[in-house]
>>> print(open('model-v2.cif').read())   # mmCIF, C-alpha atoms and all ligand atoms
data_my_file
loop_
_atom_site.label_atom_id
_atom_site.label_comp_id
_atom_site.auth_asym_id
_atom_site.auth_seq_id
_atom_site.Cartn_x
_atom_site.Cartn_y
_atom_site.Cartn_z
CA MET V 306 34.70 7.76 17.07
CA LYS V 307 35.73 10.26 19.69
CA ASN V 308 32.22 11.78 19.66
CA ASP V 309 30.48 8.56 20.74
CA GLU V 310 33.13 7.91 23.35
CA LEU V 311 32.61 11.37 24.86
CA PHE V 312 28.85 10.91 24.98
CA GLN V 313 29.35 7.61 26.86
CA ARG V 314 31.58 9.35 29.39
CA ALA V 315 29.21 12.31 29.68
CA ARG V 316 26.22 10.10 30.39
CA LYS V 317 27.98 8.47 33.32
CA LEU V 318 28.22 11.72 35.26
CA ILE V 319 25.90 14.32 33.69
CA PRO V 320 22.15 13.65 33.58
CA GLY V 321 21.44 12.69 29.96
CA GLY V 322 25.03 13.62 29.11
CA VAL V 323 24.11 17.28 28.62
CA ASN V 324 23.85 20.50 30.59
CA SER V 325 20.66 21.70 28.87
CA PRO V 326 18.02 19.21 27.71
CA VAL V 327 17.50 19.98 23.99
CA ARG V 328 21.19 19.34 23.35
CA ALA V 329 20.66 15.63 23.99
CA PHE V 330 19.04 14.93 20.55
CA GLY V 331 16.19 13.31 22.50
CA ALA V 332 13.60 14.48 19.98
CA VAL V 333 15.48 13.55 16.81
CA GLY V 334 17.36 10.48 18.07
CA GLY V 335 21.02 9.69 17.60
CA THR V 336 24.13 10.99 19.32
CA PRO V 337 24.56 14.70 20.02
CA ARG V 338 27.58 16.26 18.36
CA PHE V 339 30.35 17.38 20.69
CA PHE V 340 32.02 20.46 19.28
CA ALA V 341 35.67 21.37 19.40
CA ARG V 342 35.83 24.67 17.52
CA ALA V 343 33.77 27.34 15.74
CA ALA V 344 34.59 30.15 13.33
CA GLY V 345 32.27 32.44 11.36
CA ALA V 346 29.30 30.41 10.13
CA HIS V 347 30.95 27.03 10.84
CA LEU V 348 31.33 24.48 13.61
CA TRP V 349 33.76 21.56 13.82
CA ASP V 350 32.90 18.51 15.88
CA VAL V 351 35.48 16.53 17.88
CA ASP V 352 35.92 14.13 14.95
CA GLY V 353 36.90 17.02 12.67
CA LYS V 354 33.68 17.19 10.62
CA ARG V 355 32.60 20.68 9.59
CA TYR V 356 29.01 22.02 9.68
CA VAL V 357 27.23 25.19 8.60
CA ASP V 358 25.68 26.36 11.88
CA TYR V 359 22.03 27.44 12.08
CA VAL V 360 21.78 27.24 15.88
CA GLY V 361 24.22 30.00 16.77
CA SER V 362 24.30 28.85 20.41
CA TRP V 363 20.47 29.24 20.33
CA GLY V 364 20.65 32.88 19.32
CA PRO V 365 23.59 34.81 20.75
CA MET V 366 26.09 34.36 17.89
CA VAL V 367 24.51 36.91 15.55
CA ALA V 368 27.91 38.27 14.51
CA GLY V 369 29.21 34.78 13.72
CA HIS V 370 31.57 32.66 15.80
CA GLY V 371 34.87 34.05 16.98
CA HIS V 372 34.48 37.51 15.50
CA PRO V 373 37.92 39.13 15.95
CA ALA V 374 36.47 42.29 17.54
CA VAL V 375 34.52 40.27 20.13
CA VAL V 376 37.41 37.95 20.92
CA ALA V 377 39.79 40.89 21.33
CA ALA V 378 37.36 42.67 23.67
CA VAL V 379 36.98 39.54 25.78
CA GLN V 380 40.74 38.98 25.96
CA ALA V 381 41.38 42.58 26.98
CA ALA V 382 38.67 42.47 29.64
CA ALA V 383 39.87 39.13 31.00
CA ALA V 384 43.46 40.34 31.24
CA ASN V 385 42.19 43.29 33.25
CA ALA V 386 39.88 41.52 35.70
CA LEU V 387 37.54 38.53 35.71
CA SER V 388 35.15 39.88 38.32
CA TYR V 389 34.91 42.51 41.05
CA GLY V 390 31.38 42.23 42.35
CA ALA V 391 31.46 46.04 42.25
CA PRO V 392 30.43 48.62 39.64
CA THR V 393 32.43 49.18 36.42
CA GLN V 394 32.42 51.68 33.55
CA ALA V 395 31.63 48.91 31.05
CA GLU V 396 28.27 48.22 32.76
CA VAL V 397 27.31 51.87 32.42
CA GLU V 398 28.21 51.79 28.73
CA LEU V 399 26.18 48.64 28.13
CA ALA V 400 23.18 50.15 29.95
CA GLU V 401 23.51 53.33 27.85
CA THR V 402 23.73 51.30 24.65
CA LEU V 403 20.67 49.18 25.49
CA CYS V 404 18.59 52.24 26.43
CA ARG V 405 19.65 54.02 23.25
CA LEU V 406 18.83 51.09 20.96
CA VAL V 407 15.65 49.62 22.48
CA PRO V 408 12.90 52.26 22.28
CA SER V 409 11.04 51.55 25.55
CA LEU V 410 14.05 51.27 27.89
CA GLU V 411 14.45 54.15 30.34
CA SER V 412 16.34 52.13 32.94
CA VAL V 413 17.94 48.69 32.86
CA ARG V 414 19.27 46.06 35.31
CA LEU V 415 21.85 43.50 34.13
CA VAL V 416 21.56 39.85 35.18
CA SER V 417 23.28 36.68 33.96
CA SER V 418 20.60 34.81 31.97
CA GLY V 419 17.27 35.19 30.25
CA THR V 420 15.67 33.10 32.98
CA GLU V 421 16.80 35.56 35.64
CA ALA V 422 15.54 38.47 33.55
CA THR V 423 12.00 37.08 33.15
CA MET V 424 11.83 35.83 36.74
CA THR V 425 12.76 39.28 37.99
CA ALA V 426 10.40 41.03 35.57
CA ILE V 427 7.49 38.95 36.93
CA ARG V 428 8.41 39.71 40.54
CA LEU V 429 8.76 43.38 39.70
CA ALA V 430 5.40 43.49 37.90
CA ARG V 431 3.72 41.88 40.91
CA GLY V 432 5.50 44.20 43.32
CA PHE V 433 4.61 47.28 41.30
CA THR V 434 0.94 46.47 40.71
CA GLY V 435 0.23 44.65 43.98
CA ARG V 436 -1.54 41.98 41.91
CA SER V 437 -0.76 38.27 41.48
CA THR V 438 -1.94 36.94 38.11
CA ILE V 439 0.52 36.48 35.27
CA VAL V 440 -0.73 35.77 31.76
CA LYS V 441 1.42 33.78 29.33
CA PHE V 442 0.76 32.05 26.01
CA GLU V 443 0.86 28.39 25.15
CA GLY V 444 4.15 27.44 23.48
CA CYS V 445 6.00 30.57 24.60
CA TYR V 446 9.11 29.88 26.67
CA HIS V 447 10.34 32.40 29.18
CA GLY V 448 13.11 30.45 30.88
CA HIS V 449 12.74 27.86 33.61
CA ALA V 450 11.49 29.84 36.62
CA ASP V 451 8.67 27.92 38.35
CA ALA V 452 5.86 30.41 37.70
CA LEU V 453 6.56 30.45 33.96
CA LEU V 454 7.06 26.75 33.35
CA VAL V 455 3.47 26.11 32.34
CA LYS V 456 2.72 24.96 28.80
CA ALA V 457 6.14 26.27 27.88
CA GLY V 458 7.99 25.87 24.60
CA SER V 459 11.54 24.89 23.61
CA GLY V 460 12.99 21.89 25.50
CA ALA V 461 9.88 21.65 27.68
CA LEU V 462 7.90 21.09 24.49
CA THR V 463 10.43 18.84 22.85
CA PHE V 464 10.21 16.46 25.77
CA GLY V 465 6.45 16.53 25.98
CA ASN V 466 6.45 18.01 29.49
CA PRO V 467 4.55 21.21 28.96
CA SER V 468 4.84 21.61 32.71
CA SER V 469 7.63 20.29 34.89
CA ALA V 470 7.64 17.95 37.87
CA GLY V 471 8.75 19.76 40.98
CA VAL V 472 6.58 22.81 40.37
CA PRO V 473 3.85 22.81 43.08
CA ALA V 474 0.35 23.60 41.84
CA GLU V 475 0.18 26.52 44.29
CA VAL V 476 3.16 28.13 42.58
CA VAL V 477 1.49 28.21 39.17
CA ALA V 478 -2.01 28.87 40.50
CA HIS V 479 -1.58 32.52 39.50
CA THR V 480 -0.28 31.78 36.00
CA ALA V 481 -2.96 31.85 33.30
CA VAL V 482 -2.17 30.36 29.89
CA LEU V 483 -3.91 31.65 26.77
CA SER V 484 -3.60 30.77 23.08
CA TYR V 485 -1.10 32.81 21.02
CA ASN V 486 -2.75 35.10 18.43
CA ASP V 487 -6.25 34.52 19.86
CA ILE V 488 -7.42 38.12 20.29
CA PRO V 489 -11.06 37.36 21.28
CA GLY V 490 -9.91 34.75 23.84
CA MET V 491 -7.49 37.21 25.36
CA LYS V 492 -10.10 40.00 25.53
CA LYS V 493 -12.58 37.66 27.15
CA PHE V 494 -10.02 36.68 29.79
CA PHE V 495 -9.35 40.33 30.55
CA SER V 496 -13.02 41.22 30.79
CA GLN V 497 -13.43 38.54 33.48
CA ASN V 498 -10.08 38.77 35.30
CA GLY V 499 -8.55 42.09 34.29
CA LYS V 500 -8.40 43.53 37.79
CA SER V 501 -6.18 40.69 39.07
CA VAL V 502 -3.64 40.71 36.22
CA ALA V 503 -0.18 41.99 37.20
CA ALA V 504 1.35 41.39 33.78
CA VAL V 505 1.12 39.73 30.42
CA ILE V 506 4.41 38.23 29.31
CA VAL V 507 4.77 37.36 25.63
CA GLU V 508 7.39 36.58 23.00
CA PRO V 509 6.56 39.31 20.42
CA VAL V 510 7.67 36.80 17.80
CA ALA V 511 7.39 33.29 19.23
CA GLY V 512 10.63 31.40 18.70
CA ASN V 513 10.33 28.52 21.13
CA MET V 514 7.53 26.61 19.36
CA ASN V 515 9.37 26.72 16.03
CA LEU V 516 8.74 30.26 14.67
CA VAL V 517 5.28 31.83 14.96
CA LEU V 518 4.68 35.43 13.92
CA PRO V 519 2.23 37.67 15.77
CA ALA V 520 -1.01 38.00 13.80
CA PRO V 521 -1.81 41.55 12.69
CA GLY V 522 -3.32 43.37 15.67
CA PHE V 523 -2.36 40.77 18.30
CA LEU V 524 0.40 42.75 20.01
CA GLU V 525 -1.60 45.98 19.67
CA ALA V 526 -4.59 44.32 21.35
CA LEU V 527 -2.37 43.10 24.19
CA ARG V 528 -1.07 46.63 24.68
CA GLU V 529 -4.60 48.04 24.76
CA GLU V 530 -6.01 45.49 27.19
CA CYS V 531 -3.04 45.85 29.57
CA THR V 532 -3.41 49.63 29.59
CA ARG V 533 -7.18 49.45 30.04
CA HIS V 534 -6.92 47.07 33.02
CA GLY V 535 -3.82 48.50 34.72
CA ALA V 536 -1.68 45.46 33.93
CA LEU V 537 1.92 45.64 32.71
CA LEU V 538 2.95 44.37 29.28
CA ILE V 539 6.27 42.50 29.34
CA LEU V 540 7.80 41.80 25.95
CA ASP V 541 10.23 38.91 26.35
CA GLU V 542 12.84 39.88 23.75
CA VAL V 543 15.51 37.49 25.01
CA MET V 544 15.46 35.88 21.58
CA THR V 545 14.07 38.64 19.33
CA GLY V 546 16.27 41.44 20.70
CA PHE V 547 18.76 42.55 18.01
CA ARG V 548 17.51 39.77 15.73
CA VAL V 549 14.05 40.85 14.56
CA ALA V 550 15.29 44.44 14.21
CA LEU V 551 18.01 46.58 15.75
CA GLY V 552 15.54 47.88 18.33
CA GLY V 553 13.95 44.47 18.80
CA ALA V 554 10.46 43.33 17.85
CA GLN V 555 9.05 46.36 19.70
CA ALA V 556 10.74 48.64 17.17
CA ARG V 557 9.64 46.55 14.22
CA PHE V 558 5.99 46.36 15.31
CA GLY V 559 5.78 49.73 17.03
CA ILE V 560 4.68 48.37 20.42
CA ARG V 561 5.78 50.09 23.63
CA PRO V 562 5.93 47.55 26.48
CA ASP V 563 6.18 48.53 30.15
CA LEU V 564 9.03 46.08 30.68
CA THR V 565 11.37 44.26 28.32
CA THR V 566 13.57 41.25 28.98
CA LEU V 567 16.78 40.70 27.03
CA GLY V 568 19.49 38.03 26.89
CA LYS V 569 21.27 35.94 24.23
CA VAL V 570 22.70 38.55 21.77
CA ILE V 571 23.46 41.11 24.51
CA GLY V 572 26.09 38.73 25.92
CA GLY V 573 27.57 37.87 22.51
CA GLY V 574 28.05 34.24 23.66
CA LEU V 575 28.78 34.93 27.33
CA PRO V 576 26.13 34.98 30.08
CA VAL V 577 24.31 38.33 30.15
CA GLY V 578 20.61 39.04 30.57
CA ALA V 579 18.75 42.25 31.30
CA LEU V 580 15.39 43.66 32.19
CA GLY V 581 14.41 47.22 31.63
CA GLY V 582 11.60 49.61 30.89
CA ARG V 583 9.64 52.38 32.54
CA ARG V 584 11.69 54.21 35.15
CA ASP V 585 8.82 54.40 37.67
CA ILE V 586 8.59 50.60 37.57
CA MET V 587 12.34 49.91 37.52
CA ASP V 588 12.80 52.20 40.55
CA LYS V 589 10.88 49.64 42.60
CA LEU V 590 13.90 47.31 42.35
CA ALA V 591 16.35 47.06 45.27
CA PRO V 592 18.24 49.08 46.40
CA LEU V 593 15.82 51.92 45.47
CA GLY V 594 12.63 49.99 46.05
CA PRO V 595 11.13 47.00 47.85
CA VAL V 596 11.43 44.36 45.09
CA TYR V 597 14.53 42.30 45.76
CA GLN V 598 16.92 41.08 43.07
CA ALA V 599 20.68 40.49 43.16
CA GLY V 600 23.52 38.56 41.50
CA THR V 601 27.14 37.79 42.43
CA LEU V 602 28.26 37.87 38.80
CA SER V 603 25.68 40.36 37.43
CA GLY V 604 27.33 42.78 35.02
CA ASN V 605 30.45 40.61 34.90
CA PRO V 606 33.18 42.59 33.10
CA VAL V 607 34.20 39.85 30.65
CA ALA V 608 30.59 39.04 29.72
CA VAL V 609 29.73 42.73 29.37
CA ALA V 610 32.76 43.23 27.08
CA ALA V 611 31.55 40.43 24.79
CA GLY V 612 28.06 41.96 24.71
CA MET V 613 29.28 45.51 24.01
CA ALA V 614 31.58 44.35 21.20
CA THR V 615 28.73 42.34 19.66
CA LEU V 616 26.27 45.25 19.86
CA LYS V 617 28.81 47.54 18.18
CA LEU V 618 28.84 45.16 15.22
CA VAL V 619 25.06 44.76 15.25
CA GLU V 620 24.49 48.51 15.06
CA GLN V 621 26.67 49.03 12.02
CA PRO V 622 24.74 50.34 9.00
CA ASP V 623 23.24 47.58 6.86
CA PHE V 624 24.01 44.82 9.39
CA GLN V 625 20.31 44.01 9.88
CA GLU V 626 19.39 44.42 6.20
CA LYS V 627 22.16 42.10 5.05
CA ILE V 628 21.46 39.35 7.54
CA GLU V 629 17.73 39.60 6.88
CA SER V 630 18.22 39.21 3.14
CA THR V 631 20.54 36.23 3.67
CA THR V 632 17.88 34.61 5.88
CA ARG V 633 15.19 35.28 3.28
CA LEU V 634 17.34 33.68 0.56
CA LEU V 635 17.73 30.62 2.75
CA VAL V 636 14.01 30.07 3.41
CA GLU V 637 12.99 30.82 -0.18
CA GLY V 638 15.62 28.37 -1.43
CA LEU V 639 14.49 25.67 0.99
CA ALA V 640 10.83 26.12 0.05
CA ALA V 641 11.71 25.87 -3.65
CA ALA V 642 13.79 22.72 -3.10
CA ALA V 643 10.97 21.08 -1.12
CA LYS V 644 8.42 21.95 -3.78
CA LYS V 645 10.59 20.44 -6.48
CA ALA V 646 10.94 17.25 -4.44
CA GLY V 647 7.17 17.13 -3.81
CA VAL V 648 7.60 17.47 -0.03
CA VAL V 649 4.83 19.14 2.00
CA PHE V 650 6.75 22.03 3.51
CA SER V 651 6.63 25.73 4.29
CA ALA V 652 9.12 28.21 5.68
CA GLN V 653 9.34 31.84 6.76
CA ALA V 654 11.81 34.32 8.21
CA ILE V 655 11.84 37.56 10.15
CA GLY V 656 15.09 39.39 10.71
CA SER V 657 17.72 36.66 11.21
CA MET V 658 15.27 34.11 12.66
CA PHE V 659 13.61 31.44 10.54
CA GLY V 660 11.07 28.64 10.83
CA LEU V 661 10.83 25.41 8.80
CA TYR V 662 7.57 23.45 8.87
CA PHE V 663 6.65 20.08 7.42
CA ARG V 664 3.14 21.39 6.91
CA ALA V 665 1.48 23.02 3.87
CA SER V 666 1.26 26.50 5.40
CA VAL V 667 3.00 28.38 8.17
CA PRO V 668 1.45 27.88 11.65
CA GLY V 669 -0.18 30.67 13.66
CA ASN V 670 -0.33 29.07 17.09
CA PHE V 671 0.77 26.11 19.18
CA ALA V 672 -1.95 23.73 17.97
CA GLU V 673 -0.96 24.37 14.33
CA VAL V 674 2.73 23.85 15.13
CA MET V 675 1.76 20.46 16.53
CA GLN V 676 0.31 19.52 13.14
CA CYS V 677 3.77 19.56 11.55
CA ASP V 678 5.11 16.17 10.48
CA LYS V 679 7.66 15.57 13.20
CA GLU V 680 8.95 12.27 11.77
CA ARG V 681 9.61 13.96 8.45
CA PHE V 682 11.51 16.72 10.25
CA ASN V 683 13.64 14.19 12.11
CA ARG V 684 14.63 12.47 8.86
CA PHE V 685 15.42 15.85 7.30
CA PHE V 686 17.46 16.85 10.35
CA HIS V 687 19.67 13.76 10.17
CA ALA V 688 20.04 13.98 6.40
CA MET V 689 21.20 17.58 6.75
CA LEU V 690 23.53 16.73 9.63
CA GLU V 691 25.13 14.03 7.55
CA ARG V 692 25.62 16.58 4.76
CA GLY V 693 27.31 19.07 7.09
CA VAL V 694 24.41 21.34 8.07
CA TYR V 695 23.68 21.77 11.78
CA LEU V 696 20.01 22.61 12.43
CA ALA V 697 18.42 22.75 15.89
CA PRO V 698 17.81 19.13 16.97
CA SER V 699 14.05 19.64 17.40
CA ALA V 700 11.09 20.56 15.22
CA TYR V 701 10.04 23.12 17.85
CA GLU V 702 12.94 25.54 17.65
CA ALA V 703 13.52 28.60 15.49
CA GLY V 704 16.68 28.73 13.36
CA PHE V 705 19.28 31.50 13.38
CA VAL V 706 21.49 33.02 10.69
CA SER V 707 24.59 35.07 11.48
CA ALA V 708 26.33 37.91 9.69
CA ALA V 709 29.07 35.43 8.78
CA HIS V 710 26.65 33.43 6.63
CA GLY V 711 27.09 34.42 2.98
CA SER V 712 26.06 33.12 -0.41
CA ALA V 713 28.59 30.25 -0.23
CA GLU V 714 27.01 28.90 2.98
CA ILE V 715 23.48 29.35 1.63
CA GLU V 716 24.39 27.55 -1.60
CA ALA V 717 25.99 24.67 0.35
CA THR V 718 22.90 24.45 2.56
CA LEU V 719 20.51 24.38 -0.40
CA ALA V 720 22.59 21.70 -2.13
CA ALA V 721 22.40 19.62 1.04
CA ALA V 722 18.65 20.24 1.28
CA ARG V 723 18.05 19.02 -2.29
CA GLY V 724 19.60 15.71 -1.24
CA ALA V 725 17.82 15.66 2.11
CA PHE V 726 14.36 16.35 0.67
CA ALA V 727 14.86 13.56 -1.87
CA GLY V 728 15.66 11.04 0.90
C1 LIG F 801 16.23 31.60 25.72
C2 LIG F 801 15.04 32.29 26.21
C3 LIG F 801 14.86 32.56 27.59
C4 LIG F 801 15.76 32.00 28.65
O1 LIG F 801 17.06 32.48 28.55
P1 LIG F 801 18.25 31.64 29.26
O2 LIG F 801 19.44 32.52 29.09
O3 LIG F 801 18.33 30.34 28.55
O4 LIG F 801 17.87 31.48 30.69
C5 LIG F 801 13.77 33.34 27.96
N1 LIG F 801 12.91 33.83 27.05
C6 LIG F 801 13.05 33.58 25.73
C7 LIG F 801 12.08 34.17 24.76
C8 LIG F 801 14.11 32.79 25.27
O5 LIG F 801 14.21 32.52 23.97
#
>>> encode(input="model-v2.cif", output="structure tokens")
Amino acid sequence: MKNDELFQRARKLIPGGVNSPVRAFGAVGGTPRFFARAAGAHLWDVDGKRYVDYVGSWGPMVAGHGHPAVVAAVQAAAANALSYGAPTQAEVELAETLCRLVPSLESVRLVSSGTEATMTAIRLARGFTGRSTIVKFEGCYHGHADALLVKAGSGALTFGNPSSAGVPAEVVAHTAVLSYNDIPGMKKFFSQNGKSVAAVIVEPVAGNMNLVLPAPGFLEALREECTRHGALLILDEVMTGFRVALGGAQARFGIRPDLTTLGKVIGGGLPVGALGGRRDIMDKLAPLGPVYQAGTLSGNPVAVAAGMATLKLVEQPDFQEKIESTTRLLVEGLAAAAKKAGVVFSAQAIGSMFGLYFRASVPGNFAEVMQCDKERFNRFFHAMLERGVYLAPSAYEAGFVSAAHGSAEIEATLAAARGAFAG
């Protein structure tokens, strides 16, 4: 098979044969699929097999693959210029769109990845407050910058390296890790250390330790403690932005962060990230202020065109409602199929993100996610893959539905799941 042959070749020259660790199927075993083409809700591997896609490039493809409006925008932009390294009108329009749609954004800086966005947000928070401590939560992933790679989720979790080699202890000495949804624990930390905290960074819906929803009051309590102690609240909406609601999780839960990080959907499949928020804080960034940040390809015209075209689709009336109801149908159908097969399973969705758990009830923090039956997930994953359904190759990732997923795809997925749960 061409797929196996490619993986052999890849492994000779690329560490693990992949350019991002979770792609390697290390957690689930087997050979990663090499893809040749995608359209709408479907992927085709190099051997011609078709799959219903629930990864969506790990979030960005909310409008579905190869949407004609996005492809046309990219082609037009590319024909015009690939890069200037100088300002363009399209960047201004994307900044205006982001500030209009995301409630707390007064000013925004474009970068090229979510990692850059969070790394810069941390530096900015420290520069603005003159403090050092950063608070994060166990199982939340904020990209692979050194200071944030402590008890992180996603691939770092999948591979059992909550921290990474190559990160000196001194570098993470100012990073405190608390338990997600633990309000008393967080308040206690603030009462003892509040004066040293520059910022709390949190996924407002955690999507890198499978899917974990914020407990009622958790985000509100974070907002209160940050305000009380002069710390900044950073909502990392790289994943939740334009997925949990049009205005992000902050709109859905009514939380106003000081800074927000964005990525994934805002590039529509090309590399775009952003950080934004209060103008008095953002004005501390170079060239206005003393906090340095830069990027050769930041605001790249082709990437910005893909993002703008995607956001235009995402803001159409009913886009969010439709995709949310499709996602709900999916998780309800899966839960019903599991119940019928007598499999211990639970599932939930918010917006177009979903979580599947081989556990009797949905988890509320990292420790509960770890109680899921990972072996059972791996068998389910391979059974689904064989039946033409592409789920994230790890029990610790959220799933994603696109606007191109309709009742036909959901039906096909549920039929596959009935077989997979029986196996
Ligand atoms: C994906 C992700 C990042 C990192 O984004 P990259 O573009 O992969 O660097 C940061 N934060 C969250 C919440 C993410 O899901």
>>> closest_residue(input="model-v2.cif", among="V:Glu702, V:Glu626, V:Glu411, V:Glu475", to="ligand LIG 801 (chain F)", atoms="all atoms listed in the file")
V:Glu702
>>> residues_around(input="model-v2.cif", residues="Glu673 of chain V", least_positions_apart="4", cutoff="12 Å", atoms="all atoms listed in the file", output="PyMOL selection string")
chain V and resi 443-444+484-486+514-517+662-669+677-678+701
>>> residues_near_point(input="model-v2.cif", point="(-6.2, 33.2, 39.0)", cutoff="10 Å", atoms="all atoms listed in the file", output="list in words")
Ser437, Thr438, Ile439, Val440, Val477, Ala478, His479, Thr480, Ala481, Asn498, Ser501 and Val502 of chain V
>>> closest_residue(input="model-v2.cif", among="V:Glu542, V:Glu525, V:Glu401, V:Glu530", to="ligand LIG 801 (chain F)", atoms="only C-alpha atoms and all ligand atoms")
V:Glu542
>>> residues_near_ligand(input="model-v2.cif", ligand="ligand LIG 801 (chain F)", cutoff="9 Å", atoms="all atoms listed in the file", output="PDB file with C-alpha atoms, keeping the file's coordinate frame")
ATOM      1  CA  SER V 325      20.660  21.700  28.870  1.00  0.00           C
ATOM      2  CA  TRP V 363      20.470  29.240  20.330  1.00  0.00           C
ATOM      3  CA  GLY V 364      20.650  32.880  19.320  1.00  0.00           C
ATOM      4  CA  SER V 417      23.280  36.680  33.960  1.00  0.00           C
ATOM      5  CA  SER V 418      20.600  34.810  31.970  1.00  0.00           C
ATOM      6  CA  GLY V 419      17.270  35.190  30.250  1.00  0.00           C
ATOM      7  CA  THR V 420      15.670  33.100  32.980  1.00  0.00           C
ATOM      8  CA  GLU V 421      16.800  35.560  35.640  1.00  0.00           C
ATOM      9  CA  ALA V 422      15.540  38.470  33.550  1.00  0.00           C
ATOM     10  CA  THR V 423      12.000  37.080  33.150  1.00  0.00           C
ATOM     11  CA  CYS V 445       6.000  30.570  24.600  1.00  0.00           C
ATOM     12  CA  TYR V 446       9.110  29.880  26.670  1.00  0.00           C
ATOM     13  CA  HIS V 447      10.340  32.400  29.180  1.00  0.00           C
ATOM     14  CA  GLY V 448      13.110  30.450  30.880  1.00  0.00           C
ATOM     15  CA  HIS V 449      12.740  27.860  33.610  1.00  0.00           C
ATOM     16  CA  ALA V 450      11.490  29.840  36.620  1.00  0.00           C
ATOM     17  CA  SER V 459      11.540  24.890  23.610  1.00  0.00           C
ATOM     18  CA  VAL V 507       4.770  37.360  25.630  1.00  0.00           C
ATOM     19  CA  GLU V 508       7.390  36.580  23.000  1.00  0.00           C
ATOM     20  CA  PRO V 509       6.560  39.310  20.420  1.00  0.00           C
ATOM     21  CA  VAL V 510       7.670  36.800  17.800  1.00  0.00           C
ATOM     22  CA  ALA V 511       7.390  33.290  19.230  1.00  0.00           C
ATOM     23  CA  GLY V 512      10.630  31.400  18.700  1.00  0.00           C
ATOM     24  CA  ASN V 513      10.330  28.520  21.130  1.00  0.00           C
ATOM     25  CA  LEU V 540       7.800  41.800  25.950  1.00  0.00           C
ATOM     26  CA  ASP V 541      10.230  38.910  26.350  1.00  0.00           C
ATOM     27  CA  GLU V 542      12.840  39.880  23.750  1.00  0.00           C
ATOM     28  CA  VAL V 543      15.510  37.490  25.010  1.00  0.00           C
ATOM     29  CA  MET V 544      15.460  35.880  21.580  1.00  0.00           C
ATOM     30  CA  THR V 545      14.070  38.640  19.330  1.00  0.00           C
ATOM     31  CA  THR V 566      13.570  41.250  28.980  1.00  0.00           C
ATOM     32  CA  LEU V 567      16.780  40.700  27.030  1.00  0.00           C
ATOM     33  CA  GLY V 568      19.490  38.030  26.890  1.00  0.00           C
ATOM     34  CA  LYS V 569      21.270  35.940  24.230  1.00  0.00           C
ATOM     35  CA  PRO V 576      26.130  34.980  30.080  1.00  0.00           C
ATOM     36  CA  VAL V 577      24.310  38.330  30.150  1.00  0.00           C
ATOM     37  CA  GLY V 578      20.610  39.040  30.570  1.00  0.00           C
TER      38      GLY V 578
END
>>> atom_distance(input="model-v2.cif", atom1="atom CA of Phe686 of chain V", atom2="atom CA of Leu318 of chain V")
27.6 Å
>>> residues_around(input="model-v2.cif", residues="Gly647 of chain V", least_positions_apart="6", cutoff="10 Å", atoms="only C-alpha atoms", output="short mmCIF file (atom, residue, chain, number, x, y, z; two decimals) with C-alpha atoms, keeping the file's coordinate frame")
data_model
loop_
_atom_site.label_atom_id
_atom_site.label_comp_id
_atom_site.auth_asym_id
_atom_site.auth_seq_id
_atom_site.Cartn_x
_atom_site.Cartn_y
_atom_site.Cartn_z
CA ALA V 641 11.71 25.87 -3.65
CA PHE V 726 14.36 16.35 0.67
CA ALA V 727 14.86 13.56 -1.87
#
>>> residues_around(input="model-v2.cif", residues="Gly552 of chain V", least_positions_apart="3", cutoff="7 Å", atoms="all atoms listed in the file", output="PyMOL selection string")
chain V and resi 406-408+546-547+555-556
>>> atom_distance(input="model-v2.cif", atom1="atom CA of Ala452 of chain V", atom2="atom CA of Arg436 of chain V")
14.4 Å
>>> closest_residue(input="model-v2.cif", among="V:Leu634, V:Ala332, V:Pro326, V:Val413", to="Glu398 of chain V", atoms="only C-alpha atoms")
V:Val413
>>> atom_distance(input="model-v2.cif", atom1="atom CA of Pro373 of chain V", atom2="atom CA of Pro392 of chain V")
26.6 Å
>>> closest_residue(input="model-v2.cif", among="V:Leu616, V:Val694, V:Ala474, V:Ala722", to="Arg338 of chain V", atoms="only C-alpha atoms")
V:Val694
>>> residues_around(input="model-v2.cif", residues="Gln653 of chain V", least_positions_apart="2", cutoff="10 Å", atoms="only C-alpha atoms", output="list in words")
Leu516, Val517, Leu518, Thr632, Arg633, Leu635, Val636, Glu637, Leu639, Ala640, Ser651, Ile655, Met658, Phe659, Gly660, Leu661, Tyr662, Ser666 and Val667 of chain V
>>> residues_around(input="model-v2.cif", residues="Arg583 of chain V", least_positions_apart="4", cutoff="9 Å", atoms="all atoms listed in the file", output="number ranges by chain")
V: 409-412, 562-564, 587-588
>>> closest_residue(input="model-v2.cif", among="V:Leu537, V:Ala672, V:Pro698, V:Ser712", to="Arg328 of chain V", atoms="all atoms listed in the file")
V:Pro698
>>> closest_residue(input="model-v2.cif", among="V:Gly581, V:Gly361, V:Pro320, V:Gly334", to="His710 of chain V", atoms="all atoms listed in the file")
V:Gly361
